[in-house]
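Quick notes on the structure that follows.
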Amino acid sequence: MAAPLTVVLIVAATIRAILFRSSLAELISERVEVVSPLNAWKRVVEGLALLDLGVSPYSGDVFHETPLIIYLFHFLVDYAEIVFMIADGITAVALYFAVQIYNKNVFRKQKYALEADRYPHDCLELMRSPKEMYYIPLKVAMFYLLNPFTILSCVAKSTCGLNNAVLALFILCTIKGSALLSAIFLALATYQSIYPLTLFAPALLFLLQRLYIPVNLCRTSFWLFTLQYAVMYLGSLCVIVCLSFFLLGSWDFMPSVYGFILSVPDLTPNIGLFWYFFAEMFEHFRLFFICVFQINVFFYTIPLSIKLKEHPVFLTFIQMAIIAIFKSYPTVGDIALYMAFLPVWSHLYRFLRNIFLVWCVLLACSALFPVLWHLWIYAGSANSNFYYAISLLFNVGQILLVSDYFYAYLRREHHLSNGLYLKRKDGTEATLVLK
């Protein structure tokens, strides 16, 4: 599989190199769907200019990235294009190996369950074969590297690509069972954008499952490992934050980065749900609705963790999708990361209900974004309502996509426990309704 992966990496790098040298690069870097006030390359350049002048990059209202990012590019600004291409390559390779290890674990568990005769006999057609699973890691790498969303994000030099690389390394370390590295990369991802905090739960559940520690609040071993992982995570986060303080010499980055993410002061249009709503909001209601909108990202973590405690990798996929939908400044690069996992759940296709309709909605919205932006900003024949309407529909499409996969996953697990062809007491065929 090394040769096909190498070919995919070369093709992906070639596409990016061609676009970097084309006239489209500047146009792409201006697209509000691709960059946001948080991760736009122009803002990083402004921050670097201020730093070179001996002024804090956070003294104005332009730069909102973390200190580690600006000091990284302080040394590598001349090689920025290569850095972003390498970041995409690291993400794809990390996802490739993570999915490869995960599939081996899934097949091993399935084999043991079959040998123990735990599945009903009519569920054998739901079993996953090695041949079916063999190419999934390569498909995941292809879905990420050749996804137009990923390519656009890379060509725009959005720092979202670096965040995706950190998250991919976190997933790889978690699936390999390295608690320390998992905690470090999760801390780094949280340091970058706060929202990956919600991935603490699936990572903890996976590591507990790997160590055969039951998720039982009455067990001492559960609390000991949870405390150990939490200390590693919080310790790593504290070290990274303190390192940022020593690099910068002040705490100016805290309100400029995290305050900016949470309070959403910049209402530049994007593909998210915040900007239009708060542009129309009366100021005295703002704090309340900011809290309501921000809670959305974190609210689902506990119920989903309870429901999917036996399936932490699928929980990670769901949480990444929720972050991409409900974060304050989303871009297409965030969507590309969780969509790369769709080939992992290819065995759920038979249970998906609205997949064709959802993909039609997502593709149509993706095509209409630049059209409605042009009509609003340049032609003057539309207004912000048009653009927000398509943003809203795009996010509804994502929610339907994720909920459809969630339904399909639960249905398959139910069939594996109760049989594929359900019967009523009188022997007639029953209909499964999940509530």
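Starting from 1 in every chain, residues are counted up; chains themselves are A, B, ... following the order of the structure tokens, and ligands are numbered from 1 as listed.
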
For region 4-62 of chain A versus region 327-337 of chain A, which residues have an atom no more than 7 Å away, and what is each residue's nearest atom pair and distance in Å rounded to one decimal, using only C-alpha atoms, chain-then-number order, as CSV?
```
residue,atom,partner,partner_atom,distance
A:Glu33,CA,A:Thr331,CA,5.5
A:Val34,CA,A:Thr331,CA,5.3
A:Val35,CA,A:Thr331,CA,6.1
A:Ser36,CA,A:Tyr329,CA,6.2
```

Pull C-alpha atoms from the residues just selected and write them as a CSV table (one decimal), in the first residue's frame.
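After the write, again12.csv holds the following:
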```csv
chain,number,residue,atom,x,y,z
A,33,GLU,CA,-15.6,30.1,2.5
A,34,VAL,CA,-11.9,29.2,2.6
A,35,VAL,CA,-10.4,31.6,5.1
A,36,SER,CA,-11.7,33.3,8.2
```

Using only C-alpha atoms, find each residue of region 287-336 of chain A with at least one atom at most 10 Å away from an atom of region 380-398 of chain A; report its shortest atom-to-atom pair and that distance in Å (one decimal), sort the rows by chain and rising residue number, and return the result as a Markdown table.
```
| residue | atom | partner | partner_atom | distance |
| --- | --- | --- | --- | --- |
| A:Ala321 | CA | A:Gln398 | CA | 8.1 |
| A:Ile322 | CA | A:Gln398 | CA | 9.1 |
| A:Ala324 | CA | A:Gln398 | CA | 9.3 |
| A:Ile325 | CA | A:Asn395 | CA | 6.3 |
| A:Phe326 | CA | A:Asn395 | CA | 8.8 |
| A:Ile335 | CA | A:Gln398 | CA | 8.9 |
```

Query raised in the report: Neighbours of Met320 (chain A) within 10 Å (only C-alpha atoms; same-chain residues fewer than 6 positions away dropped), as a list of chain:residue names?
Result: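 Using only C-alpha atoms, the neighbours found are A:Leu167, A:Tyr195, A:Pro196, A:Thr198, A:Leu199, A:Val297, A:Phe314, A:Asp334, A:Ile335, A:Leu337, A:Tyr338, A:Met339.
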
Could you please take those selected residues and save all heavy atoms as a tab-separated table (two decimals), in the first residue's frame?
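So the final result, stored in again-v3.tsv, reads:
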```tsv
chain	number	residue	atom	x	y	z
A	167	LEU	N	-4.69	17.54	14.75
A	167	LEU	CA	-5.80	16.65	15.09
A	167	LEU	C	-5.57	15.24	14.54
A	167	LEU	O	-5.88	14.25	15.20
A	167	LEU	CB	-7.11	17.22	14.55
A	167	LEU	CG	-7.71	18.39	15.34
A	167	LEU	CD1	-8.89	19.01	14.58
A	167	LEU	CD2	-8.17	17.92	16.72
A	195	TYR	N	-12.10	24.42	20.75
A	195	TYR	CA	-13.17	23.44	20.52
A	195	TYR	C	-12.73	21.97	20.59
A	195	TYR	O	-13.54	21.11	21.00
A	195	TYR	CB	-13.85	23.70	19.18
A	195	TYR	CG	-14.53	25.04	19.11
A	195	TYR	CD1	-14.07	26.04	18.26
A	195	TYR	CD2	-15.63	25.34	19.92
A	195	TYR	CE1	-14.69	27.28	18.20
A	195	TYR	CE2	-16.25	26.58	19.86
A	195	TYR	CZ	-15.78	27.55	19.01
A	195	TYR	OH	-16.40	28.77	18.96
A	196	PRO	N	-11.49	21.60	20.22
A	196	PRO	CA	-11.09	20.19	20.36
A	196	PRO	C	-11.10	19.67	21.79
A	196	PRO	O	-10.90	18.47	22.00
A	196	PRO	CB	-9.66	20.19	19.78
A	196	PRO	CG	-9.66	21.29	18.79
A	196	PRO	CD	-10.51	22.36	19.42
A	198	THR	N	-13.61	19.00	23.31
A	198	THR	CA	-14.68	17.99	23.32
A	198	THR	C	-14.16	16.61	22.90
A	198	THR	O	-14.87	15.61	23.10
A	198	THR	CB	-15.83	18.40	22.37
A	198	THR	OG1	-15.32	18.55	21.04
A	198	THR	CG2	-16.44	19.72	22.81
A	199	LEU	N	-12.97	16.55	22.31
A	199	LEU	CA	-12.41	15.26	21.89
A	199	LEU	C	-11.72	14.54	23.05
A	199	LEU	O	-11.25	13.41	22.88
A	199	LEU	CB	-11.41	15.46	20.75
A	199	LEU	CG	-11.99	16.07	19.46
A	199	LEU	CD1	-10.89	16.31	18.44
A	199	LEU	CD2	-13.06	15.16	18.88
A	297	VAL	N	-21.57	23.50	20.75
A	297	VAL	CA	-20.43	22.65	20.44
A	297	VAL	C	-20.17	21.66	21.58
A	297	VAL	O	-19.82	20.50	21.34
A	297	VAL	CB	-19.16	23.50	20.19
A	297	VAL	CG1	-17.97	22.62	19.87
A	297	VAL	CG2	-19.40	24.48	19.05
A	314	PHE	N	-16.01	6.24	16.33
A	314	PHE	CA	-17.18	6.85	15.68
A	314	PHE	C	-17.59	8.11	16.43
A	314	PHE	O	-18.00	9.10	15.82
A	314	PHE	CB	-18.34	5.86	15.64
A	314	PHE	CG	-19.52	6.35	14.85
A	314	PHE	CD1	-19.47	6.40	13.47
A	314	PHE	CD2	-20.67	6.79	15.49
A	314	PHE	CE1	-20.56	6.86	12.73
A	314	PHE	CE2	-21.76	7.25	14.76
A	314	PHE	CZ	-21.71	7.29	13.38
A	334	ASP	N	-12.18	22.73	7.77
A	334	ASP	CA	-12.69	21.97	8.92
A	334	ASP	C	-13.59	20.84	8.47
A	334	ASP	O	-13.57	19.74	9.03
A	334	ASP	CB	-13.49	22.90	9.86
A	334	ASP	CG	-12.65	24.05	10.38
A	334	ASP	OD1	-11.65	23.78	11.07
A	334	ASP	OD2	-12.98	25.22	10.12
A	335	ILE	N	-14.37	21.10	7.44
A	335	ILE	CA	-15.30	20.09	6.91
A	335	ILE	C	-14.52	18.95	6.26
A	335	ILE	O	-14.88	17.77	6.39
A	335	ILE	CB	-16.25	20.74	5.90
A	335	ILE	CG1	-17.10	21.82	6.59
A	335	ILE	CG2	-17.16	19.71	5.25
A	335	ILE	CD1	-17.81	22.74	5.64
A	337	LEU	N	-11.77	17.60	7.05
A	337	LEU	CA	-11.17	16.63	7.97
A	337	LEU	C	-12.15	15.54	8.36
A	337	LEU	O	-11.82	14.36	8.28
A	337	LEU	CB	-10.65	17.35	9.22
A	337	LEU	CG	-9.94	16.44	10.24
A	337	LEU	CD1	-8.71	15.80	9.63
A	337	LEU	CD2	-9.57	17.22	11.50
A	338	TYR	N	-13.35	15.91	8.76
A	338	TYR	CA	-14.28	14.85	9.17
A	338	TYR	C	-14.84	14.09	7.98
A	338	TYR	O	-15.16	12.90	8.08
A	338	TYR	CB	-15.39	15.41	10.07
A	338	TYR	CG	-16.58	16.04	9.39
A	338	TYR	CD1	-17.61	15.26	8.85
A	338	TYR	CD2	-16.72	17.42	9.31
A	338	TYR	CE1	-18.72	15.84	8.24
A	338	TYR	CE2	-17.83	18.01	8.72
A	338	TYR	CZ	-18.82	17.22	8.18
A	338	TYR	OH	-19.91	17.79	7.57
A	339	MET	N	-14.92	14.74	6.81
A	339	MET	CA	-15.41	14.03	5.62
A	339	MET	C	-14.41	12.98	5.15
A	339	MET	O	-14.79	12.03	4.46
A	339	MET	CB	-15.69	15.02	4.50
A	339	MET	CG	-17.02	15.75	4.65
A	339	MET	SD	-17.49	16.61	3.16
A	339	MET	CE	-19.16	17.14	3.60
```

Residues near Val215 (chain A), cut-off 8 Å, only C-alpha atoms, skip fewer than 3 positions along chain, as a CSV table (one decimal) with all heavy atoms, in the first residue's frame:
```
chain,number,residue,atom,x,y,z
A,205,LEU,N,-12.2,7.4,26.4
A,205,LEU,CA,-13.0,6.1,26.2
A,205,LEU,C,-12.2,5.1,25.4
A,205,LEU,O,-12.2,3.9,25.7
A,205,LEU,CB,-14.3,6.4,25.5
A,205,LEU,CG,-15.4,7.2,26.4
A,205,LEU,CD1,-16.5,7.6,25.5
A,205,LEU,CD2,-15.9,6.3,27.5
A,208,LEU,N,-9.3,3.8,27.6
A,208,LEU,CA,-9.9,2.9,28.6
A,208,LEU,C,-10.2,1.5,28.0
A,208,LEU,O,-9.9,0.5,28.6
A,208,LEU,CB,-11.1,3.5,29.2
A,208,LEU,CG,-10.9,4.7,30.2
A,208,LEU,CD1,-12.2,5.4,30.5
A,208,LEU,CD2,-10.3,4.2,31.5
A,222,PHE,N,-11.0,3.1,36.9
A,222,PHE,CA,-11.5,4.1,35.9
A,222,PHE,C,-11.1,5.5,36.3
A,222,PHE,O,-10.6,6.3,35.5
A,222,PHE,CB,-13.0,4.0,35.9
A,222,PHE,CG,-13.7,5.1,35.2
A,222,PHE,CD1,-13.8,5.1,33.8
A,222,PHE,CD2,-14.3,6.1,35.9
A,222,PHE,CE1,-14.4,6.2,33.1
A,222,PHE,CE2,-15.0,7.2,35.2
A,222,PHE,CZ,-15.0,7.2,33.9
A,309,LYS,N,-20.3,5.0,24.1
A,309,LYS,CA,-19.1,4.7,25.0
A,309,LYS,C,-18.3,3.5,24.5
A,309,LYS,O,-17.1,3.3,24.8
A,309,LYS,CB,-19.5,4.6,26.4
A,309,LYS,CG,-20.4,3.4,26.7
A,309,LYS,CD,-20.7,3.3,28.2
A,309,LYS,CE,-21.6,2.1,28.6
A,309,LYS,NZ,-21.9,2.1,30.0
```

Env of Thr174 (chain A): 12 Å cut, atoms = only C-alpha atoms, seq-sep filter 2 positions within chain, self excluded. Answer as a PDB file with N, CA, C and O atoms, in the first residue's frame.
```pdb
ATOM      1  N   ALA A  94      -1.045  10.399   8.589  1.00  0.00           N
ATOM      2  CA  ALA A  94      -1.485  10.066   9.951  1.00  0.00           C
ATOM      3  C   ALA A  94      -2.856   9.401   9.927  1.00  0.00           C
ATOM      4  O   ALA A  94      -3.086   8.395  10.626  1.00  0.00           O
ATOM      5  N   LEU A  95      -3.776   9.932   9.117  1.00  0.00           N
ATOM      6  CA  LEU A  95      -5.109   9.319   9.007  1.00  0.00           C
ATOM      7  C   LEU A  95      -5.013   7.926   8.386  1.00  0.00           C
ATOM      8  O   LEU A  95      -5.735   7.002   8.796  1.00  0.00           O
ATOM      9  N   PHE A  97      -2.533   5.692   8.576  1.00  0.00           N
ATOM     10  CA  PHE A  97      -2.073   4.710   9.554  1.00  0.00           C
ATOM     11  C   PHE A  97      -3.068   4.529  10.700  1.00  0.00           C
ATOM     12  O   PHE A  97      -3.227   3.419  11.222  1.00  0.00           O
ATOM     13  N   ALA A  98      -3.742   5.604  11.079  1.00  0.00           N
ATOM     14  CA  ALA A  98      -4.752   5.500  12.146  1.00  0.00           C
ATOM     15  C   ALA A  98      -5.891   4.576  11.731  1.00  0.00           C
ATOM     16  O   ALA A  98      -6.303   3.689  12.494  1.00  0.00           O
ATOM     17  N   VAL A  99      -6.384   4.767  10.509  1.00  0.00           N
ATOM     18  CA  VAL A  99      -7.483   3.937  10.015  1.00  0.00           C
ATOM     19  C   VAL A  99      -7.013   2.500   9.796  1.00  0.00           C
ATOM     20  O   VAL A  99      -7.769   1.536  10.048  1.00  0.00           O
ATOM     21  N   ILE A 101      -4.744   0.842  11.544  1.00  0.00           N
ATOM     22  CA  ILE A 101      -4.703   0.206  12.873  1.00  0.00           C
ATOM     23  C   ILE A 101      -6.123  -0.050  13.381  1.00  0.00           C
ATOM     24  O   ILE A 101      -6.419  -1.125  13.922  1.00  0.00           O
ATOM     25  N   TYR A 102      -6.989   0.927  13.184  1.00  0.00           N
ATOM     26  CA  TYR A 102      -8.385   0.787  13.633  1.00  0.00           C
ATOM     27  C   TYR A 102      -9.070  -0.384  12.941  1.00  0.00           C
ATOM     28  O   TYR A 102      -9.764  -1.186  13.582  1.00  0.00           O
ATOM     29  N   LEU A 167      -4.688  17.545  14.749  1.00  0.00           N
ATOM     30  CA  LEU A 167      -5.797  16.650  15.089  1.00  0.00           C
ATOM     31  C   LEU A 167      -5.573  15.241  14.536  1.00  0.00           C
ATOM     32  O   LEU A 167      -5.878  14.248  15.202  1.00  0.00           O
ATOM     33  N   ALA A 168      -5.037  15.146  13.335  1.00  0.00           N
ATOM     34  CA  ALA A 168      -4.763  13.830  12.744  1.00  0.00           C
ATOM     35  C   ALA A 168      -3.701  13.083  13.549  1.00  0.00           C
ATOM     36  O   ALA A 168      -3.823  11.865  13.780  1.00  0.00           O
ATOM     37  N   LEU A 169      -2.673  13.785  14.002  1.00  0.00           N
ATOM     38  CA  LEU A 169      -1.650  13.160  14.846  1.00  0.00           C
ATOM     39  C   LEU A 169      -2.224  12.743  16.191  1.00  0.00           C
ATOM     40  O   LEU A 169      -1.847  11.697  16.736  1.00  0.00           O
ATOM     41  N   PHE A 170      -3.134  13.549  16.714  1.00  0.00           N
ATOM     42  CA  PHE A 170      -3.823  13.178  17.955  1.00  0.00           C
ATOM     43  C   PHE A 170      -4.609  11.879  17.775  1.00  0.00           C
ATOM     44  O   PHE A 170      -4.548  10.972  18.625  1.00  0.00           O
ATOM     45  N   ILE A 171      -5.333  11.770  16.667  1.00  0.00           N
ATOM     46  CA  ILE A 171      -6.120  10.560  16.403  1.00  0.00           C
ATOM     47  C   ILE A 171      -5.208   9.348  16.252  1.00  0.00           C
ATOM     48  O   ILE A 171      -5.485   8.266  16.790  1.00  0.00           O
ATOM     49  N   LEU A 172      -4.089   9.523  15.523  1.00  0.00           N
ATOM     50  CA  LEU A 172      -3.147   8.413  15.335  1.00  0.00           C
ATOM     51  C   LEU A 172      -2.571   7.952  16.668  1.00  0.00           C
ATOM     52  O   LEU A 172      -2.530   6.736  16.941  1.00  0.00           O
ATOM     53  N   LYS A 176      -3.138   4.313  18.463  1.00  0.00           N
ATOM     54  CA  LYS A 176      -1.960   3.476  18.762  1.00  0.00           C
ATOM     55  C   LYS A 176      -1.839   3.191  20.259  1.00  0.00           C
ATOM     56  O   LYS A 176      -1.036   2.343  20.658  1.00  0.00           O
ATOM     57  N   GLY A 177      -2.604   3.916  21.081  1.00  0.00           N
ATOM     58  CA  GLY A 177      -2.614   3.656  22.526  1.00  0.00           C
ATOM     59  C   GLY A 177      -1.586   4.435  23.314  1.00  0.00           C
ATOM     60  O   GLY A 177      -1.342   4.130  24.486  1.00  0.00           O
ATOM     61  N   SER A 178      -0.992   5.469  22.713  1.00  0.00           N
ATOM     62  CA  SER A 178      -0.012   6.288  23.413  1.00  0.00           C
ATOM     63  C   SER A 178      -0.729   7.419  24.150  1.00  0.00           C
ATOM     64  O   SER A 178      -1.035   8.458  23.550  1.00  0.00           O
ATOM     65  N   ALA A 179      -0.979   7.230  25.432  1.00  0.00           N
ATOM     66  CA  ALA A 179      -1.758   8.206  26.207  1.00  0.00           C
ATOM     67  C   ALA A 179      -1.037   9.549  26.301  1.00  0.00           C
ATOM     68  O   ALA A 179      -1.669  10.607  26.186  1.00  0.00           O
ATOM     69  N   LEU A 180       0.274   9.526  26.498  1.00  0.00           N
ATOM     70  CA  LEU A 180       1.026  10.769  26.662  1.00  0.00           C
ATOM     71  C   LEU A 180       1.007  11.600  25.381  1.00  0.00           C
ATOM     72  O   LEU A 180       0.684  12.800  25.415  1.00  0.00           O
ATOM     73  N   LEU A 181       1.352  10.982  24.244  1.00  0.00           N
ATOM     74  CA  LEU A 181       1.350  11.714  22.978  1.00  0.00           C
ATOM     75  C   LEU A 181      -0.058  12.165  22.595  1.00  0.00           C
ATOM     76  O   LEU A 181      -0.241  13.266  22.055  1.00  0.00           O
ATOM     77  N   SER A 182      -1.038  11.332  22.888  1.00  0.00           N
ATOM     78  CA  SER A 182      -2.435  11.703  22.634  1.00  0.00           C
ATOM     79  C   SER A 182      -2.800  12.961  23.412  1.00  0.00           C
ATOM     80  O   SER A 182      -3.392  13.900  22.862  1.00  0.00           O
ATOM     81  N   ALA A 183      -2.429  13.003  24.700  1.00  0.00           N
ATOM     82  CA  ALA A 183      -2.721  14.165  25.541  1.00  0.00           C
ATOM     83  C   ALA A 183      -1.986  15.407  25.049  1.00  0.00           C
ATOM     84  O   ALA A 183      -2.549  16.512  25.039  1.00  0.00           O
ATOM     85  N   ILE A 184      -0.741  15.240  24.601  1.00  0.00           N
ATOM     86  CA  ILE A 184       0.049  16.385  24.120  1.00  0.00           C
ATOM     87  C   ILE A 184      -0.565  16.981  22.859  1.00  0.00           C
ATOM     88  O   ILE A 184      -0.754  18.201  22.753  1.00  0.00           O
ATOM     89  N   PHE A 185      -0.905  16.123  21.892  1.00  0.00           N
ATOM     90  CA  PHE A 185      -1.477  16.639  20.643  1.00  0.00           C
ATOM     91  C   PHE A 185      -2.891  17.191  20.856  1.00  0.00           C
ATOM     92  O   PHE A 185      -3.283  18.165  20.203  1.00  0.00           O
ATOM     93  N   LEU A 186      -3.650  16.597  21.775  1.00  0.00           N
ATOM     94  CA  LEU A 186      -4.976  17.143  22.088  1.00  0.00           C
ATOM     95  C   LEU A 186      -4.832  18.515  22.749  1.00  0.00           C
ATOM     96  O   LEU A 186      -5.602  19.444  22.457  1.00  0.00           O
ATOM     97  N   LEU A 199     -12.970  16.548  22.306  1.00  0.00           N
ATOM     98  CA  LEU A 199     -12.409  15.258  21.891  1.00  0.00           C
ATOM     99  C   LEU A 199     -11.723  14.539  23.048  1.00  0.00           C
ATOM    100  O   LEU A 199     -11.248  13.409  22.881  1.00  0.00           O
ATOM    101  N   PHE A 200     -11.675  15.178  24.206  1.00  0.00           N
ATOM    102  CA  PHE A 200     -11.106  14.532  25.389  1.00  0.00           C
ATOM    103  C   PHE A 200     -11.889  13.267  25.731  1.00  0.00           C
ATOM    104  O   PHE A 200     -11.296  12.223  26.061  1.00  0.00           O
ATOM    105  N   ALA A 201     -13.221  13.349  25.656  1.00  0.00           N
ATOM    106  CA  ALA A 201     -14.071  12.207  26.029  1.00  0.00           C
ATOM    107  C   ALA A 201     -13.842  10.984  25.135  1.00  0.00           C
ATOM    108  O   ALA A 201     -13.598   9.883  25.653  1.00  0.00           O
ATOM    109  N   PRO A 202     -13.923  11.113  23.784  1.00  0.00           N
ATOM    110  CA  PRO A 202     -13.673   9.914  22.960  1.00  0.00           C
ATOM    111  C   PRO A 202     -12.266   9.358  23.112  1.00  0.00           C
ATOM    112  O   PRO A 202     -12.071   8.137  23.075  1.00  0.00           O
ATOM    113  N   ALA A 203     -11.273  10.233  23.304  1.00  0.00           N
ATOM    114  CA  ALA A 203      -9.897   9.747  23.483  1.00  0.00           C
ATOM    115  C   ALA A 203      -9.780   8.943  24.766  1.00  0.00           C
ATOM    116  O   ALA A 203      -9.180   7.856  24.790  1.00  0.00           O
ATOM    117  N   LEU A 204     -10.371   9.455  25.832  1.00  0.00           N
ATOM    118  CA  LEU A 204     -10.350   8.754  27.116  1.00  0.00           C
ATOM    119  C   LEU A 204     -11.064   7.408  27.014  1.00  0.00           C
ATOM    120  O   LEU A 204     -10.557   6.380  27.491  1.00  0.00           O
ATOM    121  N   LEU A 205     -12.226   7.393  26.368  1.00  0.00           N
ATOM    122  CA  LEU A 205     -12.988   6.144  26.221  1.00  0.00           C
ATOM    123  C   LEU A 205     -12.206   5.112  25.412  1.00  0.00           C
ATOM    124  O   LEU A 205     -12.210   3.916  25.746  1.00  0.00           O
ATOM    125  N   PHE A 206     -11.524   5.563  24.362  1.00  0.00           N
ATOM    126  CA  PHE A 206     -10.749   4.620  23.547  1.00  0.00           C
ATOM    127  C   PHE A 206      -9.590   4.030  24.343  1.00  0.00           C
ATOM    128  O   PHE A 206      -9.344   2.819  24.296  1.00  0.00           O
ATOM    129  N   LEU A 207      -8.874   4.884  25.073  1.00  0.00           N
ATOM    130  CA  LEU A 207      -7.724   4.405  25.850  1.00  0.00           C
ATOM    131  C   LEU A 207      -8.166   3.470  26.977  1.00  0.00           C
ATOM    132  O   LEU A 207      -7.486   2.479  27.275  1.00  0.00           O
ATOM    133  N   LEU A 208      -9.308   3.775  27.586  1.00  0.00           N
ATOM    134  CA  LEU A 208      -9.859   2.879  28.619  1.00  0.00           C
ATOM    135  C   LEU A 208     -10.196   1.522  28.006  1.00  0.00           C
ATOM    136  O   LEU A 208      -9.907   0.465  28.581  1.00  0.00           O
ATOM    137  N   GLN A 209     -10.829   1.567  26.830  1.00  0.00           N
ATOM    138  CA  GLN A 209     -11.211   0.331  26.142  1.00  0.00           C
ATOM    139  C   GLN A 209      -9.970  -0.483  25.768  1.00  0.00           C
ATOM    140  O   GLN A 209      -9.964  -1.712  25.898  1.00  0.00           O
ATOM    141  N   ARG A 210      -8.925   0.190  25.344  1.00  0.00           N
ATOM    142  CA  ARG A 210      -7.697  -0.489  24.935  1.00  0.00           C
ATOM    143  C   ARG A 210      -7.014  -1.172  26.124  1.00  0.00           C
ATOM    144  O   ARG A 210      -6.382  -2.227  25.977  1.00  0.00           O
ATOM    145  N   TYR A 229      -4.837  10.702  32.706  1.00  0.00           N
ATOM    146  CA  TYR A 229      -4.936  11.294  31.359  1.00  0.00           C
ATOM    147  C   TYR A 229      -5.252  12.794  31.448  1.00  0.00           C
ATOM    148  O   TYR A 229      -4.696  13.602  30.683  1.00  0.00           O
ATOM    149  N   PRO A 312     -15.732   4.622  20.548  1.00  0.00           N
ATOM    150  CA  PRO A 312     -15.098   5.943  20.666  1.00  0.00           C
ATOM    151  C   PRO A 312     -14.589   6.529  19.353  1.00  0.00           C
ATOM    152  O   PRO A 312     -14.532   7.751  19.209  1.00  0.00           O
ATOM    153  N   VAL A 313     -14.214   5.697  18.392  1.00  0.00           N
ATOM    154  CA  VAL A 313     -13.715   6.243  17.117  1.00  0.00           C
ATOM    155  C   VAL A 313     -14.854   6.888  16.339  1.00  0.00           C
ATOM    156  O   VAL A 313     -14.697   7.978  15.769  1.00  0.00           O
ATOM    157  N   THR A 316     -15.541  10.141  17.922  1.00  0.00           N
ATOM    158  CA  THR A 316     -14.584  11.165  17.488  1.00  0.00           C
ATOM    159  C   THR A 316     -15.027  11.791  16.169  1.00  0.00           C
ATOM    160  O   THR A 316     -14.976  13.021  15.999  1.00  0.00           O
TER     161      THR A 316
END
```

Report summary line: In terms of only C-alpha atoms, the residue from A:Val106, A:Glu46, A:Ala25, A:Leu126 at minimal distance from Glu81 (chain A) is A:Ala25

Query raised in the report: Between CA of Thr190 (chain A) and CA of Leu5 (chain A), what is the spacing in Å?
Result: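 According to the coordinates, CA of Leu5 (chain A) and CA of Thr190 (chain A) are separated by 29.4 Å.
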
Distance table requested - region 180-289 of chain A against region 55-67 of chain A, cut-off 6 Å, only C-alpha atoms: one row per qualifying residue with the closest atom pair and its distance in Å to one decimal, ordered by chain and rising residue number, as a tab-separated table.
```
residue	atom	partner	partner_atom	distance
A:Ser244	CA	A:Pro67	CA	5.6
A:Ser256	CA	A:His64	CA	5.6
A:Val257	CA	A:His64	CA	4.9
```
